[in-house]
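Peer 1: What follows is the file upload30.cif, containing mmCIF, C-alpha atoms and all ligand atoms:
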data_upload
loop_
_atom_site.label_atom_id
_atom_site.label_comp_id
_atom_site.auth_asym_id
_atom_site.auth_seq_id
_atom_site.Cartn_x
_atom_site.Cartn_y
_atom_site.Cartn_z
CA MET A 1 116.52 73.05 210.48
CA LYS A 2 116.00 76.55 209.03
CA VAL A 3 114.62 76.54 205.47
CA VAL A 4 114.19 79.72 203.46
CA ILE A 5 112.18 79.68 200.21
CA VAL A 6 112.56 82.54 197.72
CA GLY A 7 109.52 83.12 195.49
CA PHE A 8 105.88 82.41 196.25
CA GLY A 9 104.45 80.98 193.03
CA LEU A 10 103.51 77.37 192.44
CA GLY A 11 107.05 76.17 193.23
CA GLY A 12 107.33 78.24 196.43
CA LEU A 13 103.88 77.29 197.63
CA GLY A 14 104.47 73.59 196.87
CA SER A 15 107.87 73.64 198.55
CA ALA A 16 106.46 75.31 201.70
CA ARG A 17 103.59 72.86 201.87
CA HIS A 18 105.60 69.69 201.25
CA ILE A 19 108.52 70.68 203.50
CA ALA A 20 106.11 71.60 206.35
CA GLU A 21 104.51 68.15 205.99
CA GLN A 22 107.66 66.09 205.45
CA VAL A 23 109.96 67.90 207.92
CA PRO A 24 107.61 69.00 210.72
CA ASP A 25 110.39 70.47 212.89
CA ALA A 26 111.71 72.72 210.07
CA LYS A 27 111.44 76.47 210.63
CA ILE A 28 110.25 77.65 207.21
CA THR A 29 110.27 81.23 205.90
CA VAL A 30 108.93 82.09 202.43
CA VAL A 31 109.90 85.42 200.89
CA GLY A 32 108.00 86.38 197.76
CA ASP A 33 107.47 89.69 195.99
CA GLU A 34 103.92 88.67 195.08
CA LYS A 35 101.20 86.94 197.09
CA PRO A 36 100.47 83.50 195.57
CA TYR A 37 97.83 83.06 192.90
CA VAL A 38 97.11 80.44 190.26
CA ARG A 39 99.24 81.80 187.44
CA HIS A 40 98.13 79.30 184.80
CA LYS A 41 94.52 80.47 185.22
CA LEU A 42 95.32 84.16 184.62
CA ARG A 43 92.97 84.29 181.65
CA LEU A 44 89.99 83.46 183.86
CA VAL A 45 90.33 86.81 185.65
CA THR A 46 88.58 88.22 182.56
CA GLN A 47 85.60 86.08 183.59
CA GLY A 48 85.70 87.33 187.17
CA MET A 49 87.61 84.42 188.73
CA ASP A 50 89.49 85.12 191.96
CA LEU A 51 92.90 83.43 191.67
CA TRP A 52 94.31 84.16 195.12
CA VAL A 53 95.52 81.11 197.02
CA ASN A 54 94.55 80.90 200.67
CA THR A 55 97.74 80.34 202.66
CA ARG A 56 96.07 79.54 205.99
CA HIS A 57 96.88 75.82 205.64
CA ILE A 58 100.65 76.41 205.51
CA GLU A 59 100.63 79.25 208.05
CA SER A 60 98.83 76.92 210.47
CA LYS A 61 101.89 74.66 210.21
CA GLY A 62 104.15 77.52 211.34
CA VAL A 63 105.35 78.73 207.91
CA GLU A 64 106.29 82.41 208.04
CA ILE A 65 105.42 84.45 204.92
CA LEU A 66 107.19 87.71 204.05
CA LEU A 67 106.15 89.93 201.15
CA ASP A 68 109.51 91.31 200.00
CA LYS A 69 112.19 91.01 197.36
CA VAL A 70 115.38 89.07 198.00
CA THR A 71 118.33 91.04 196.66
CA LYS A 72 121.25 88.74 197.41
CA VAL A 73 122.25 85.25 198.48
CA ARG A 74 125.42 85.13 200.60
CA ARG A 75 126.44 81.51 200.39
CA ALA A 76 129.46 81.78 202.71
CA GLN A 77 127.28 83.18 205.50
CA LYS A 78 124.28 81.02 204.52
CA GLU A 79 121.99 84.02 204.50
CA ILE A 80 119.75 85.98 202.17
CA VAL A 81 119.40 89.76 202.07
CA LEU A 82 116.01 91.48 201.71
CA SER A 83 115.36 94.80 199.95
CA ASN A 84 115.52 96.69 203.27
CA GLY A 85 118.93 95.18 204.09
CA GLN A 86 117.57 92.69 206.66
CA THR A 87 119.24 89.27 206.54
CA ILE A 88 117.75 85.83 207.17
CA GLN A 89 119.89 82.79 207.93
CA TYR A 90 119.24 79.39 206.39
CA ASP A 91 120.45 75.82 206.65
CA TYR A 92 118.75 75.11 203.31
CA LEU A 93 117.66 77.59 200.69
CA VAL A 94 115.08 76.83 197.98
CA LEU A 95 115.09 79.17 194.98
CA THR A 96 111.70 79.24 193.24
CA THR A 97 112.05 82.52 191.37
CA GLY A 98 110.17 81.46 188.24
CA SER A 99 110.73 82.96 184.81
CA ASN A 100 110.10 86.16 182.86
CA PRO A 101 108.63 86.63 179.40
CA THR A 102 111.24 87.26 176.72
CA ILE A 103 110.73 89.66 173.84
CA PRO A 104 113.04 89.53 170.81
CA SER A 105 114.77 92.95 170.73
CA LYS A 106 113.59 93.84 167.23
CA LEU A 107 109.97 93.28 168.27
CA LYS A 108 110.13 95.57 171.31
CA GLY A 109 107.92 98.38 170.18
CA GLY A 110 105.38 100.87 171.33
CA ASP A 111 103.35 101.55 174.46
CA LYS A 112 100.71 99.06 173.40
CA CYS A 113 103.09 96.11 173.55
CA ALA A 114 102.29 93.74 176.43
CA VAL A 115 103.15 90.37 178.00
CA PHE A 116 100.99 87.85 179.88
CA ARG A 117 102.62 86.47 182.98
CA ARG A 118 101.49 88.38 186.07
CA LEU A 119 98.16 89.55 187.48
CA GLU A 120 98.87 93.13 186.44
CA ASP A 121 99.15 91.93 182.81
CA VAL A 122 95.61 90.57 182.68
CA HIS A 123 94.31 93.64 184.53
CA ARG A 124 95.94 95.81 181.90
CA LEU A 125 94.05 93.93 179.18
CA ILE A 126 90.78 94.36 181.09
CA ASP A 127 91.40 98.07 181.78
CA GLU A 128 92.50 99.00 178.25
CA ARG A 129 89.71 96.95 176.63
CA PRO A 130 91.12 96.90 173.08
CA ASN A 131 88.86 95.85 170.20
CA GLU A 132 91.62 94.07 168.28
CA VAL A 133 94.45 92.15 169.92
CA ALA A 134 97.45 90.78 168.03
CA ILE A 135 99.32 87.94 169.71
CA ILE A 136 102.79 87.04 168.54
CA GLY A 137 103.63 83.42 169.30
CA ALA A 138 102.00 80.03 169.08
CA SER A 139 102.52 78.62 172.57
CA PHE A 140 99.80 77.75 175.06
CA VAL A 141 100.35 81.22 176.61
CA ALA A 142 99.47 82.77 173.23
CA LEU A 143 96.21 80.82 173.20
CA HIS A 144 95.46 81.88 176.78
CA VAL A 145 95.79 85.50 175.66
CA ALA A 146 93.46 84.77 172.73
CA ASP A 147 90.96 83.23 175.16
CA ALA A 148 91.21 86.22 177.54
CA SER A 149 90.87 88.69 174.65
CA ARG A 150 87.74 87.00 173.36
CA ALA A 151 86.30 87.04 176.90
CA ILE A 152 86.55 90.85 177.05
CA GLY A 153 84.92 91.14 173.62
CA ALA A 154 88.08 91.76 171.57
CA LYS A 155 89.03 90.04 168.33
CA PRO A 156 92.17 87.92 168.84
CA LYS A 157 94.61 87.55 165.92
CA VAL A 158 97.37 85.04 166.53
CA ILE A 159 100.49 85.50 164.42
CA VAL A 160 102.08 82.08 163.94
CA ARG A 161 105.56 81.53 162.52
CA SER A 162 105.55 77.74 162.44
CA ARG A 163 102.61 75.89 164.03
CA LEU A 164 100.56 75.86 167.25
CA ILE A 165 102.14 74.46 170.44
CA ARG A 166 104.76 72.68 168.40
CA ARG A 167 106.77 71.34 171.37
CA SER A 168 103.69 69.51 172.64
CA LEU A 169 101.57 68.49 169.65
CA GLU A 170 101.99 66.26 166.62
CA PRO A 171 101.93 68.44 163.47
CA GLU A 172 98.47 67.25 162.34
CA LEU A 173 97.07 68.19 165.76
CA SER A 174 98.43 71.74 165.54
CA ALA A 175 96.38 72.08 162.35
CA LYS A 176 93.28 70.57 164.00
CA LEU A 177 93.64 72.92 166.98
CA GLU A 178 93.83 75.88 164.63
CA GLU A 179 90.68 74.66 162.88
CA PHE A 180 88.79 74.28 166.19
CA LEU A 181 89.90 77.70 167.46
CA ALA A 182 89.02 79.42 164.19
CA GLU A 183 85.46 78.14 164.74
CA LYS A 184 85.55 80.03 168.07
CA GLY A 185 86.46 83.31 166.38
CA VAL A 186 90.26 83.31 166.59
CA GLU A 187 91.97 84.65 163.48
CA PHE A 188 95.30 83.06 162.55
CA VAL A 189 97.88 84.88 160.47
CA HIS A 190 100.83 82.82 159.24
CA GLY A 191 103.97 84.87 158.88
CA LYS A 192 107.07 86.25 160.51
CA PRO A 193 106.68 89.48 162.46
CA LYS A 194 109.17 92.15 161.46
CA GLU A 195 108.32 95.12 163.67
CA VAL A 196 105.71 96.05 166.23
CA HIS A 197 104.22 99.56 166.16
CA ASP A 198 101.35 101.07 168.08
CA GLY A 199 98.33 100.17 165.93
CA LYS A 200 99.86 97.36 163.88
CA VAL A 201 102.31 94.50 163.54
CA GLU A 202 104.35 94.57 160.36
CA LEU A 203 105.17 91.18 158.85
CA GLU A 204 108.25 90.28 156.81
CA ASP A 205 106.12 89.70 153.68
CA GLY A 206 105.14 93.39 153.79
CA SER A 207 101.62 92.90 155.12
CA ASP A 208 100.26 94.42 158.37
CA VAL A 209 98.08 93.06 161.15
CA ALA A 210 96.01 95.84 162.72
CA SER A 211 96.01 95.74 166.52
CA GLU A 212 95.17 98.07 169.39
CA MET A 213 97.25 96.00 171.78
CA THR A 214 100.00 93.48 170.91
CA PHE A 215 100.93 90.64 173.23
CA MET A 216 104.31 89.02 172.98
CA ALA A 217 104.02 85.30 173.77
CA THR A 218 107.50 84.57 172.49
CA GLY A 219 108.78 82.41 175.32
CA VAL A 220 110.26 82.84 178.78
CA SER A 221 113.69 82.93 180.33
CA PRO A 222 114.36 81.61 183.83
CA GLU A 223 114.79 84.24 186.58
CA ILE A 224 118.34 83.40 187.63
CA THR A 225 119.67 86.76 188.87
CA LEU A 226 120.24 85.58 192.46
CA ALA A 227 121.65 82.20 191.40
CA LYS A 228 124.04 83.73 188.88
CA GLU A 229 125.36 86.32 191.32
CA ALA A 230 125.82 83.61 193.93
CA GLY A 231 127.91 81.58 191.45
CA LEU A 232 125.61 78.55 191.18
CA GLU A 233 126.19 76.29 188.19
CA LEU A 234 123.93 77.03 185.24
CA MET A 235 123.06 74.88 182.23
CA ASP A 236 123.96 76.67 178.96
CA GLY A 237 124.37 79.87 181.01
CA TRP A 238 120.60 80.17 181.07
CA VAL A 239 118.89 78.01 183.72
CA ILE A 240 119.89 76.71 187.16
CA LYS A 241 121.33 73.21 186.88
CA THR A 242 119.99 70.74 189.43
CA ASP A 243 120.34 67.04 190.18
CA ARG A 244 117.42 64.60 190.25
CA GLN A 245 116.27 65.88 193.63
CA GLY A 246 116.56 69.58 192.76
CA ARG A 247 119.94 70.21 194.45
CA THR A 248 122.09 72.89 192.80
CA SER A 249 125.89 72.92 192.67
CA ASP A 250 125.71 74.13 196.33
CA PRO A 251 124.38 71.19 198.40
CA ASN A 252 122.54 73.61 200.73
CA ILE A 253 120.65 75.27 197.90
CA PHE A 254 117.82 73.73 195.88
CA ALA A 255 116.01 75.17 192.86
CA VAL A 256 112.42 74.38 191.90
CA GLY A 257 110.09 75.31 189.06
CA ASP A 258 110.56 77.58 186.08
CA ASN A 259 114.10 78.66 187.06
CA ALA A 260 115.64 75.18 187.03
CA THR A 261 116.28 72.05 185.03
CA VAL A 262 114.46 68.81 185.70
CA MET A 263 115.55 65.27 184.85
CA ASP A 264 113.56 63.93 181.92
CA ILE A 265 112.27 60.40 182.43
CA LEU A 266 112.50 59.51 178.73
CA THR A 267 115.97 60.79 177.87
CA ASN A 268 117.55 60.73 181.34
CA LYS A 269 118.92 64.19 180.65
CA PRO A 270 118.42 67.45 182.50
CA ILE A 271 115.97 69.52 180.47
CA TYR A 272 113.95 72.71 180.84
CA MET A 273 110.19 72.17 181.14
CA GLY A 274 108.86 75.48 182.48
CA ILE A 275 105.43 74.07 183.34
CA GLY A 276 103.46 73.96 186.54
CA THR A 277 103.15 70.16 186.69
CA ALA A 278 106.96 69.93 186.79
CA ALA A 279 107.18 72.62 189.52
CA SER A 280 104.81 70.59 191.70
CA ILE A 281 106.81 67.35 191.44
CA MET A 282 110.10 69.23 191.87
CA SER A 283 108.87 70.77 195.14
CA LEU A 284 107.93 67.33 196.49
CA ASN A 285 111.39 66.03 195.55
CA VAL A 286 113.08 68.82 197.53
CA ALA A 287 110.96 68.07 200.61
CA LYS A 288 111.84 64.37 200.33
CA ALA A 289 115.54 65.19 199.91
CA LEU A 290 115.45 67.18 203.17
CA THR A 291 114.20 64.07 204.97
CA GLY A 292 117.27 62.17 203.75
CA PHE A 293 115.36 60.29 201.02
CA LYS A 294 117.81 59.46 198.22
CA ALA A 295 115.49 58.78 195.28
CA SER A 296 113.26 61.17 193.35
CA TYR A 297 109.85 61.18 191.72
CA ARG A 298 110.14 61.62 187.99
CA VAL A 299 107.52 62.39 185.39
CA PRO A 300 107.58 63.11 181.69
CA ARG A 301 106.42 66.50 180.48
CA TYR A 302 102.66 66.49 181.10
CA GLN A 303 100.22 69.20 180.08
CA ARG A 304 96.45 69.37 179.97
CA ASP A 305 94.60 72.49 179.02
CA VAL A 306 91.12 73.59 177.96
CA PHE A 307 90.82 76.48 175.53
CA PHE A 308 87.67 78.54 175.05
CA GLY A 309 85.86 76.43 177.61
CA GLY A 310 85.59 73.33 175.42
CA ILE A 311 88.67 72.45 173.38
CA HIS A 312 90.82 70.01 175.28
CA MET A 313 94.54 69.63 174.66
CA THR A 314 96.64 66.94 176.26
CA SER A 315 100.32 66.35 175.76
CA ILE A 316 102.66 63.88 177.44
CA GLY A 317 106.34 63.21 176.82
CA LEU A 318 107.91 63.94 173.44
CA THR A 319 106.44 64.62 170.03
CA SER A 320 107.58 62.30 167.22
CA ILE A 321 109.80 65.09 165.89
CA GLU A 322 111.53 65.68 169.23
CA ALA A 323 111.81 61.93 169.85
CA ALA A 324 113.56 61.39 166.51
CA LYS A 325 116.01 64.18 167.39
CA GLU A 326 116.74 62.36 170.67
CA GLY A 327 117.68 59.25 168.69
CA PHE A 328 114.54 57.14 169.17
CA GLU A 329 113.38 54.99 166.27
CA VAL A 330 109.90 56.42 166.16
CA ASP A 331 106.52 55.15 165.05
CA ARG A 332 103.07 56.64 165.64
CA MET A 333 99.50 55.43 166.01
CA TYR A 334 96.44 57.60 165.25
CA LEU A 335 93.45 57.20 167.55
CA SER A 336 89.94 58.61 167.40
CA GLY A 337 86.82 57.77 169.43
CA ASP A 338 86.57 55.01 172.06
CA GLY A 339 87.47 57.50 174.82
CA TRP A 340 90.48 58.85 172.94
CA GLY A 341 88.60 61.97 171.86
CA ASP A 342 88.49 63.49 168.36
CA HIS A 343 92.15 63.21 167.36
CA ALA A 344 95.06 61.66 169.23
CA TYR A 345 98.48 60.19 168.49
CA ILE A 346 100.58 57.80 170.52
CA VAL A 347 104.29 57.98 169.70
CA TYR A 348 106.31 54.85 170.48
CA ASP A 349 109.68 53.29 170.05
CA LYS A 350 109.65 50.88 167.10
CA LYS A 351 111.94 48.32 168.74
CA THR A 352 110.70 48.20 172.33
CA LYS A 353 107.10 49.38 171.66
CA LYS A 354 107.43 51.60 174.72
CA ILE A 355 105.45 54.83 174.74
CA ILE A 356 107.46 58.01 174.17
CA GLY A 357 104.71 60.54 173.65
CA PHE A 358 101.01 61.23 173.43
CA SER A 359 99.06 64.24 172.24
CA SER A 360 95.40 64.88 171.61
CA ILE A 361 93.01 67.61 170.56
CA SER A 362 89.39 67.01 171.25
CA LYS A 363 86.07 68.61 172.02
CA GLN A 364 85.72 66.06 174.82
CA ASP A 365 88.06 65.50 177.75
CA VAL A 366 90.35 62.47 177.37
CA GLY A 367 91.28 62.52 181.06
CA TRP A 368 91.21 58.84 181.96
CA LYS A 369 92.87 57.65 178.77
CA SER A 370 95.66 60.19 179.16
CA ILE A 371 96.28 59.06 182.74
CA ASP A 372 96.53 55.44 181.48
CA VAL A 373 99.16 56.57 178.97
CA LEU A 374 101.02 58.60 181.61
CA MET A 375 101.15 55.63 183.99
CA ALA A 376 102.30 53.30 181.18
CA MET A 377 105.06 55.75 180.26
CA ILE A 378 106.25 56.11 183.86
CA ARG A 379 106.25 52.31 184.29
CA LYS A 380 107.98 51.90 180.91
CA TRP A 381 105.31 49.47 179.73
CA PRO A 382 105.08 48.41 176.07
CA LEU A 383 101.91 49.45 174.22
CA THR A 384 100.59 45.89 174.35
CA LYS A 385 99.95 46.39 178.09
CA LEU A 386 97.39 49.04 177.15
CA GLY A 387 95.63 46.46 174.99
CA PHE A 388 97.10 47.46 171.61
CA ASN A 389 98.07 44.68 169.27
CA ILE A 390 101.03 46.02 167.31
C1 LIG B 1 99.31 82.30 180.93
C2 LIG B 1 100.01 81.08 181.46
C3 LIG B 1 99.41 79.85 181.31
C4 LIG B 1 100.04 78.70 181.79
N1 LIG B 1 99.41 77.49 181.65
C5 LIG B 1 99.98 76.38 182.16
C6 LIG B 1 99.32 75.12 182.08
O1 LIG B 1 98.22 75.01 181.55
N2 LIG B 1 99.94 74.04 182.62
C7 LIG B 1 101.14 74.13 183.24
O2 LIG B 1 101.66 73.12 183.74
N3 LIG B 1 101.80 75.30 183.33
C8 LIG B 1 101.25 76.43 182.81
N4 LIG B 1 101.90 77.63 182.90
C9 LIG B 1 103.23 77.67 183.51
C10 LIG B 1 103.13 77.75 185.03
O3 LIG B 1 102.34 78.86 185.39
C11 LIG B 1 104.53 77.88 185.59
O4 LIG B 1 105.27 76.75 185.20
C12 LIG B 1 104.51 77.97 187.09
O5 LIG B 1 103.85 79.14 187.50
C13 LIG B 1 105.94 77.95 187.63
O6 LIG B 1 105.94 78.19 189.00
P1 LIG B 1 107.20 78.85 189.69
O7 LIG B 1 106.88 78.89 191.14
O8 LIG B 1 108.42 78.18 189.24
O9 LIG B 1 107.28 80.34 189.10
P2 LIG B 1 106.32 81.56 189.23
O10 LIG B 1 104.89 81.15 189.26
O11 LIG B 1 106.72 82.54 188.19
O12 LIG B 1 106.65 82.18 190.67
C14 LIG B 1 107.89 82.77 190.95
C15 LIG B 1 107.68 83.89 191.94
O13 LIG B 1 108.94 84.30 192.47
C16 LIG B 1 108.96 85.73 192.56
N5 LIG B 1 110.34 86.18 192.64
C17 LIG B 1 111.28 86.15 191.66
N6 LIG B 1 112.45 86.65 192.11
C18 LIG B 1 112.23 87.00 193.41
C19 LIG B 1 113.06 87.60 194.41
N7 LIG B 1 114.33 87.94 194.17
N8 LIG B 1 112.52 87.84 195.62
C20 LIG B 1 111.23 87.51 195.89
N9 LIG B 1 110.40 86.94 194.98
C21 LIG B 1 110.90 86.70 193.76
C22 LIG B 1 108.23 86.13 191.28
O14 LIG B 1 107.78 87.47 191.33
C23 LIG B 1 107.06 85.14 191.29
O15 LIG B 1 106.01 85.62 192.09
C24 LIG B 1 101.30 78.80 182.43
C25 LIG B 1 101.91 80.05 182.56
C26 LIG B 1 101.28 81.19 182.09
C27 LIG B 1 101.93 82.52 182.27
#
Could you write out this file's structure as structure tokens?
Ligand SMILES: Cc1cc2nc3c(=O)[nH]c(=O)nc-3n(C[C@H](O)[C@H](O)[C@H](O)COP(=O)(O)OP(=O)(O)OC[C@H]3O[C@@H](n4cnc5c(N)ncnc54)[C@H](O)[C@@H]3O)c2cc1C
Peer 2:
Amino acid sequence: MKVVIVGFGLGGLGSARHIAEQVPDAKITVVGDEKPYVRHKLRLVTQGMDLWVNTRHIESKGVEILLDKVTKVRRAQKEIVLSNGQTIQYDYLVLTTGSNPTIPSKLKGGDKCAVFRRLEDVHRLIDERPNEVAIIGASFVALHVADASRAIGAKPKVIVRSRLIRRSLEPELSAKLEEFLAEKGVEFVHGKPKEVHDGKVELEDGSDVASEMTFMATGVSPEITLAKEAGLELMDGWVIKTDRQGRTSDPNIFAVGDNATVMDILTNKPIYMGIGTAASIMSLNVAKALTGFKASYRVPRYQRDVFFGGIHMTSIGLTSIEAAKEGFEVDRMYLSGDGWGDHAYIVYDKKTKKIIGFSSISKQDVGWKSIDVLMAMIRKWPLTKLGFNI
């Protein structure tokens, strides 16, 4: 069986590794336009960390790695075309092309406007060494830029329209996170950016935020160029639609990671996660599918992060706001201490008492407790099984 993987990020690396293990007789070729590195640790390059991933373990299993760009997928011929015109045949193709940062058109401004997605982006920050960095956005990427900026001695100013990491945190925890990060020297400016110029960001209320470099952390859009040209089905015209195992509308083509949908365990709907934990599970599902396995591993959205070396954020499943939108009858429980860290919320369904979401902000890690919650959510246990009397 000939398997070609396009893209060599977390999804490509995971796919190569799992397919080599699960289908030992597969001839696997990975084509990526970058060598693999740990993208979610980009900020640590400012502290001298080497992010390159050693690929010896997959090469020793016969995986061929090509550093090139794929320019076309020819489904009828079951082949891909490389930038030099060379073609490679496949029985199965796995698209792991990731995503690209998006910048709202009215905020595209100036030479000092930057994004934070690839190694060259963090090197640019290090090389330009600004004293003041404005960051537009309130996602975890925005906070990684703040962390990286502080590490090179710059003052980070995060411009927040609504609240921090709102898709992952209960509202009170966004406020707590802001409080904790302000103690670490991050300045928060609440407002709506109007225009970005070299030297400042202009807000809609007429005020300015001075900045020598402005990072746009305003979201990502899946890299779907190849899939779109090849006529694969997309969800909302925006992301590659896949089934539970990662198969696209072409049964010989799979999609994994930030370019594809994933089936959400709580809502049973295809959704976009765009996080590394999802890419890892998706790559295992593709490998299993190639062995003929019919089921799939499914997880809720799961994120753990540490900001500024000591502020731990954990988020699992849905926030109470998202859960209510999905039609759940929601209740919440506040937890503090006893291993739950400084501030945590469990979100659950009022009728069934099953867990729908969990988020926490703490100066201590809540690792074990969060794994208990994750397991309970996957097993669809009621809260009483975790010892709560509600
Ligand atoms: C700053 C930052 C912090 C993050 N923190 C977290 C975190 O804490 N937790 C978490 O779970 N996730 C985090 N993420 C998200 C996580 O990094 C991504 O979900 C993950 O990298 C997705 O992997 P991927 O393989 O789908 O895509 P990518 O890592 O983007 O890899 C795709 C690769 O494909 C290449 N490619 C695209 N098109 C072609 C082509 N035509 N030919 C050849 N190659 C091609 C791209 O250049 C890229 O190298 C973070 C992301 C960023 C940027």
Peer 1: Find the smallest box with edges along x, y and z containing every listed atom of ligand LIG 1 (chain B), then add 5 Å on each side and report centre and edge lengths in Å to one decimal, as AutoDock Vina command-line options.
Peer 2:
--center_x 106.3 --center_y 80.5 --center_z 188.4 --size_x 26.1 --size_y 24.8 --size_z 25.0
Peer 1: Please, which residues in chain A fall within 6 Å of ligand LIG 1 (chain B) when counting only C-alpha atoms and all ligand atoms, and what is the closest atom pair and distance in Å to one decimal for each, ordered by chain then residue number, as CSV?
Peer 2:
residue,atom,partner,partner_atom,distance
A:Val6,CA,B:LIG1,C20,5.5
A:Gly7,CA,B:LIG1,O13,3.3
A:Phe8,CA,B:LIG1,C15,4.9
A:Gly9,CA,B:LIG1,O12,3.4
A:Leu10,CA,B:LIG1,O7,3.9
A:Gly11,CA,B:LIG1,O7,3.4
A:Gly12,CA,B:LIG1,O7,5.3
A:Val31,CA,B:LIG1,C20,5.6
A:Gly32,CA,B:LIG1,N9,3.7
A:Asp33,CA,B:LIG1,N9,4.1
A:Glu34,CA,B:LIG1,O15,4.8
A:Arg39,CA,B:LIG1,O3,4.7
A:His40,CA,B:LIG1,C4,3.6
A:Leu42,CA,B:LIG1,C1,5.7
A:Asp68,CA,B:LIG1,C20,5.9
A:Lys69,CA,B:LIG1,N8,3.6
A:Val70,CA,B:LIG1,N8,3.9
A:Thr71,CA,B:LIG1,N7,5.6
A:Thr96,CA,B:LIG1,O7,5.3
A:Thr97,CA,B:LIG1,C17,3.7
A:Gly98,CA,B:LIG1,O9,3.2
A:Ser99,CA,B:LIG1,O11,5.3
A:Phe116,CA,B:LIG1,C1,5.9
A:Arg117,CA,B:LIG1,C27,4.1
A:Val141,CA,B:LIG1,C1,4.6
A:His144,CA,B:LIG1,C1,5.7
A:Gly257,CA,B:LIG1,O8,3.3
A:Asp258,CA,B:LIG1,O8,3.9
A:Gly274,CA,B:LIG1,O4,4.7
A:Ile275,CA,B:LIG1,O4,3.3
A:Gly276,CA,B:LIG1,O2,3.4
A:Thr277,CA,B:LIG1,O2,4.4
A:Ala279,CA,B:LIG1,O8,5.7
A:Gln303,CA,B:LIG1,N2,5.5
A:Asp305,CA,B:LIG1,O1,5.1
Peer 1: Would you output that residue set with C-alpha atoms, as a PDB file, in the coordinates of the input?
Peer 2:
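Produced file out27.pdb, reproduced below:
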ATOM      1  CA  VAL A   6     112.560  82.540 197.720  1.00  0.00           C
ATOM      2  CA  GLY A   7     109.520  83.120 195.490  1.00  0.00           C
ATOM      3  CA  PHE A   8     105.880  82.410 196.250  1.00  0.00           C
ATOM      4  CA  GLY A   9     104.450  80.980 193.030  1.00  0.00           C
ATOM      5  CA  LEU A  10     103.510  77.370 192.440  1.00  0.00           C
ATOM      6  CA  GLY A  11     107.050  76.170 193.230  1.00  0.00           C
ATOM      7  CA  GLY A  12     107.330  78.240 196.430  1.00  0.00           C
ATOM      8  CA  VAL A  31     109.900  85.420 200.890  1.00  0.00           C
ATOM      9  CA  GLY A  32     108.000  86.380 197.760  1.00  0.00           C
ATOM     10  CA  ASP A  33     107.470  89.690 195.990  1.00  0.00           C
ATOM     11  CA  GLU A  34     103.920  88.670 195.080  1.00  0.00           C
ATOM     12  CA  ARG A  39      99.240  81.800 187.440  1.00  0.00           C
ATOM     13  CA  HIS A  40      98.130  79.300 184.800  1.00  0.00           C
ATOM     14  CA  LEU A  42      95.320  84.160 184.620  1.00  0.00           C
ATOM     15  CA  ASP A  68     109.510  91.310 200.000  1.00  0.00           C
ATOM     16  CA  LYS A  69     112.190  91.010 197.360  1.00  0.00           C
ATOM     17  CA  VAL A  70     115.380  89.070 198.000  1.00  0.00           C
ATOM     18  CA  THR A  71     118.330  91.040 196.660  1.00  0.00           C
ATOM     19  CA  THR A  96     111.700  79.240 193.240  1.00  0.00           C
ATOM     20  CA  THR A  97     112.050  82.520 191.370  1.00  0.00           C
ATOM     21  CA  GLY A  98     110.170  81.460 188.240  1.00  0.00           C
ATOM     22  CA  SER A  99     110.730  82.960 184.810  1.00  0.00           C
ATOM     23  CA  PHE A 116     100.990  87.850 179.880  1.00  0.00           C
ATOM     24  CA  ARG A 117     102.620  86.470 182.980  1.00  0.00           C
ATOM     25  CA  VAL A 141     100.350  81.220 176.610  1.00  0.00           C
ATOM     26  CA  HIS A 144      95.460  81.880 176.780  1.00  0.00           C
ATOM     27  CA  GLY A 257     110.090  75.310 189.060  1.00  0.00           C
ATOM     28  CA  ASP A 258     110.560  77.580 186.080  1.00  0.00           C
ATOM     29  CA  GLY A 274     108.860  75.480 182.480  1.00  0.00           C
ATOM     30  CA  ILE A 275     105.430  74.070 183.340  1.00  0.00           C
ATOM     31  CA  GLY A 276     103.460  73.960 186.540  1.00  0.00           C
ATOM     32  CA  THR A 277     103.150  70.160 186.690  1.00  0.00           C
ATOM     33  CA  ALA A 279     107.180  72.620 189.520  1.00  0.00           C
ATOM     34  CA  GLN A 303     100.220  69.200 180.080  1.00  0.00           C
ATOM     35  CA  ASP A 305      94.600  72.490 179.020  1.00  0.00           C
TER      36      ASP A 305
END
Peer 1: Between A:Phe140, A:Ala210, A:Leu232, A:Arg304, which has the minimum distance to Ser174 in chain A (counting only C-alpha atoms)?
Peer 2: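 For Ser174 in chain A, the nearest of the candidates is A:Phe140.
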Peer 1: Which residue gives the smallest distance to Lys112 in chain A among A:Ala16, A:Met213, A:Ala182, A:Ile390, with only C-alpha atoms counted?
Peer 2: A:Met213
Peer 1: What's the 10 Å shell around range 169-172 of chain A, counting only C-alpha atoms, without same-chain residues fewer than 2 positions away, as an MDAnalysis selection string?
Peer 2: chainID A and resid 163:167 174:177 313:316 318:322 332 343:347 357:361
Peer 1: Just the number, please: distance in Å from CA of Gly327 in chain A to CA of Val262 in chain A, one decimal.
Peer 2: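 Spanning CA of Gly327 in chain A to CA of Val262 in chain A is a straight-line distance of 19.8 Å.
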Peer 1: Counting all atoms listed in the file, what is within 7 Å of range 370-383 of chain A, bar same-chain residues fewer than 5 positions away, as a ChimeraX atom specification?
Peer 2: /A:299,316,352-356,388
Peer 1: For Ser207 in chain A, which residue out of A:Ala26, A:Val45, A:Ile159, A:Val256 is the nearest one, using all atoms listed in the file?
Peer 2: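 Closest to Ser207 in chain A, using all atoms listed in the file: A:Ile159.
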Peer 1: Which neighbours of Ala217 in chain A fall inside 6 Å, counting only C-alpha atoms, when residues of the same chain fewer than 3 positions from it are skipped, and could you give them as a PDB file with C-alpha atoms, in the frame of the given file?
Peer 2:
ATOM      1  CA  ILE A 136     102.790  87.040 168.540  1.00  0.00           C
ATOM      2  CA  GLY A 137     103.630  83.420 169.300  1.00  0.00           C
ATOM      3  CA  ALA A 142      99.470  82.770 173.230  1.00  0.00           C
TER       4      ALA A 142
END
